[in-house]
Amino acid sequence: MVEVIRECPWETESMTLAELLTSQRRWGRTRARKLLQALALSENKRIGTLTPRQRALLTTALNPRSMDTVLV
């Protein structure tokens with residue numbers, strides 16, 4: 001998932017962040033919403049429109065070691 005956010009292949013450009021996150025195993029709407037709210041990102045934001053800073057924030061937050069601190 002981190003590679004998709006970082007590289008943004010054409011197949012995922014039009015996906016929203018909520019769609020991407022909830023398509024992953026063990027990721028429901030609540031978990032996705034909490035993460036995105038902590039990062040001040042909209043659920044409806046399209047992957048193709050993320051700024052480099054937003055991409056960096058999201059990929060850092062999705063790093064398994066940082067997940068505990070973001071979702072507390």
# chains A, B, ... in the order shown; residues from 1 in each chain; ligands from 1
$ select_by_dssp --residues "chain A" --states "helix (DSSP H, G or I)" --output "NGL selection string"
:A and (2-7 or 10-12 or 17-22 or 29-38 or 47-49 or 52-61 or 67-70)
$ write_last_selection --atoms "N, CA and C atoms" --output "compact mmCIF listing (two decimals), in the first residue's frame"
# COMPACT_ATOMS: atom_id res chain seq x y z
N VAL A 2 1.97 1.23 0.72
CA VAL A 2 2.84 2.40 0.77
C VAL A 2 3.41 2.71 -0.61
N GLU A 3 3.76 1.65 -1.38
CA GLU A 3 4.29 1.88 -2.73
C GLU A 3 3.25 2.54 -3.63
N VAL A 4 2.00 2.17 -3.47
CA VAL A 4 0.93 2.76 -4.29
C VAL A 4 0.82 4.25 -3.99
N ILE A 5 0.91 4.62 -2.73
CA ILE A 5 0.83 6.03 -2.36
C ILE A 5 2.06 6.78 -2.84
N ARG A 6 3.22 6.18 -2.68
CA ARG A 6 4.46 6.84 -3.06
C ARG A 6 4.58 7.01 -4.57
N GLU A 7 4.28 5.95 -5.33
CA GLU A 7 4.50 5.96 -6.78
C GLU A 7 3.27 6.37 -7.59
N TRP A 10 -1.03 4.72 -12.56
CA TRP A 10 -2.22 5.27 -13.23
C TRP A 10 -3.51 4.58 -12.80
N GLU A 11 -3.42 3.30 -12.45
CA GLU A 11 -4.62 2.55 -12.06
C GLU A 11 -5.23 3.09 -10.76
N THR A 12 -4.44 3.72 -9.93
CA THR A 12 -4.94 4.17 -8.63
C THR A 12 -5.09 5.68 -8.52
N LEU A 17 -8.56 8.13 -0.86
CA LEU A 17 -7.77 7.55 0.22
C LEU A 17 -8.58 6.52 1.00
N ALA A 18 -9.85 6.81 1.23
CA ALA A 18 -10.71 5.86 1.95
C ALA A 18 -10.84 4.55 1.18
N GLU A 19 -11.00 4.63 -0.14
CA GLU A 19 -11.11 3.41 -0.95
C GLU A 19 -9.84 2.58 -0.86
N LEU A 20 -8.70 3.23 -0.94
CA LEU A 20 -7.43 2.51 -0.87
C LEU A 20 -7.25 1.84 0.49
N LEU A 21 -7.46 2.60 1.54
CA LEU A 21 -7.24 2.06 2.88
C LEU A 21 -8.21 0.93 3.20
N THR A 22 -9.49 1.12 2.89
CA THR A 22 -10.48 0.09 3.24
C THR A 22 -10.39 -1.13 2.34
N ARG A 29 -13.73 1.26 7.81
CA ARG A 29 -13.98 2.70 7.68
C ARG A 29 -13.50 3.47 8.91
N THR A 30 -13.73 2.91 10.09
CA THR A 30 -13.35 3.62 11.31
C THR A 30 -11.85 3.77 11.41
N ARG A 31 -11.11 2.72 11.16
CA ARG A 31 -9.65 2.79 11.24
C ARG A 31 -9.10 3.76 10.21
N ALA A 32 -9.63 3.70 8.99
CA ALA A 32 -9.18 4.62 7.93
C ALA A 32 -9.50 6.07 8.31
N ARG A 33 -10.70 6.29 8.81
CA ARG A 33 -11.12 7.65 9.18
C ARG A 33 -10.24 8.21 10.29
N LYS A 34 -9.93 7.39 11.31
CA LYS A 34 -9.08 7.86 12.40
C LYS A 34 -7.69 8.26 11.90
N LEU A 35 -7.12 7.44 11.05
CA LEU A 35 -5.80 7.75 10.52
C LEU A 35 -5.83 9.04 9.72
N LEU A 36 -6.78 9.16 8.82
CA LEU A 36 -6.85 10.35 7.97
C LEU A 36 -7.16 11.61 8.77
N GLN A 37 -7.98 11.51 9.78
CA GLN A 37 -8.25 12.67 10.64
C GLN A 37 -7.00 13.09 11.40
N ALA A 38 -6.23 12.13 11.87
CA ALA A 38 -4.99 12.45 12.58
C ALA A 38 -4.00 13.18 11.69
N ILE A 47 -5.87 9.92 -4.66
CA ILE A 47 -4.45 9.61 -4.53
C ILE A 47 -3.62 10.42 -5.52
N GLY A 48 -4.14 10.61 -6.71
CA GLY A 48 -3.42 11.36 -7.73
C GLY A 48 -3.25 12.84 -7.43
N THR A 49 -4.02 13.36 -6.47
CA THR A 49 -3.93 14.80 -6.16
C THR A 49 -3.16 15.09 -4.88
N PRO A 52 3.45 16.20 -2.49
CA PRO A 52 4.59 15.41 -1.97
C PRO A 52 4.61 15.37 -0.43
N ARG A 53 4.25 16.47 0.21
CA ARG A 53 4.23 16.50 1.67
C ARG A 53 3.16 15.56 2.21
N GLN A 54 1.98 15.56 1.61
CA GLN A 54 0.90 14.66 2.04
C GLN A 54 1.28 13.21 1.83
N ARG A 55 1.93 12.92 0.70
CA ARG A 55 2.40 11.55 0.44
C ARG A 55 3.38 11.11 1.52
N ALA A 56 4.31 12.00 1.88
CA ALA A 56 5.31 11.67 2.90
C ALA A 56 4.64 11.43 4.25
N LEU A 57 3.69 12.28 4.63
CA LEU A 57 2.97 12.11 5.90
C LEU A 57 2.26 10.77 5.94
N LEU A 58 1.55 10.46 4.87
CA LEU A 58 0.77 9.23 4.83
C LEU A 58 1.65 7.98 4.82
N THR A 59 2.72 7.99 4.05
CA THR A 59 3.59 6.82 4.02
C THR A 59 4.31 6.62 5.35
N THR A 60 4.68 7.72 6.00
CA THR A 60 5.30 7.61 7.31
C THR A 60 4.31 7.04 8.33
N ALA A 61 3.06 7.52 8.27
CA ALA A 61 2.04 7.03 9.21
C ALA A 61 1.71 5.57 8.98
N MET A 67 2.45 3.24 13.41
CA MET A 67 1.00 3.08 13.50
C MET A 67 0.49 3.24 14.93
N ASP A 68 1.22 2.76 15.91
CA ASP A 68 0.76 2.83 17.28
C ASP A 68 0.64 4.27 17.78
N THR A 69 1.56 5.12 17.38
CA THR A 69 1.54 6.49 17.85
C THR A 69 0.48 7.33 17.15
N VAL A 70 0.17 7.03 15.89
CA VAL A 70 -0.80 7.81 15.15
C VAL A 70 -2.22 7.52 15.62
$ atom_distance --atom1 "atom CA of Thr51 of chain A" --atom2 "atom CA of Gly28 of chain A"
24.5 Å
$ atom_distance --atom1 "atom CA of Glu43 of chain A" --atom2 "atom CA of Thr16 of chain A"
6.6 Å
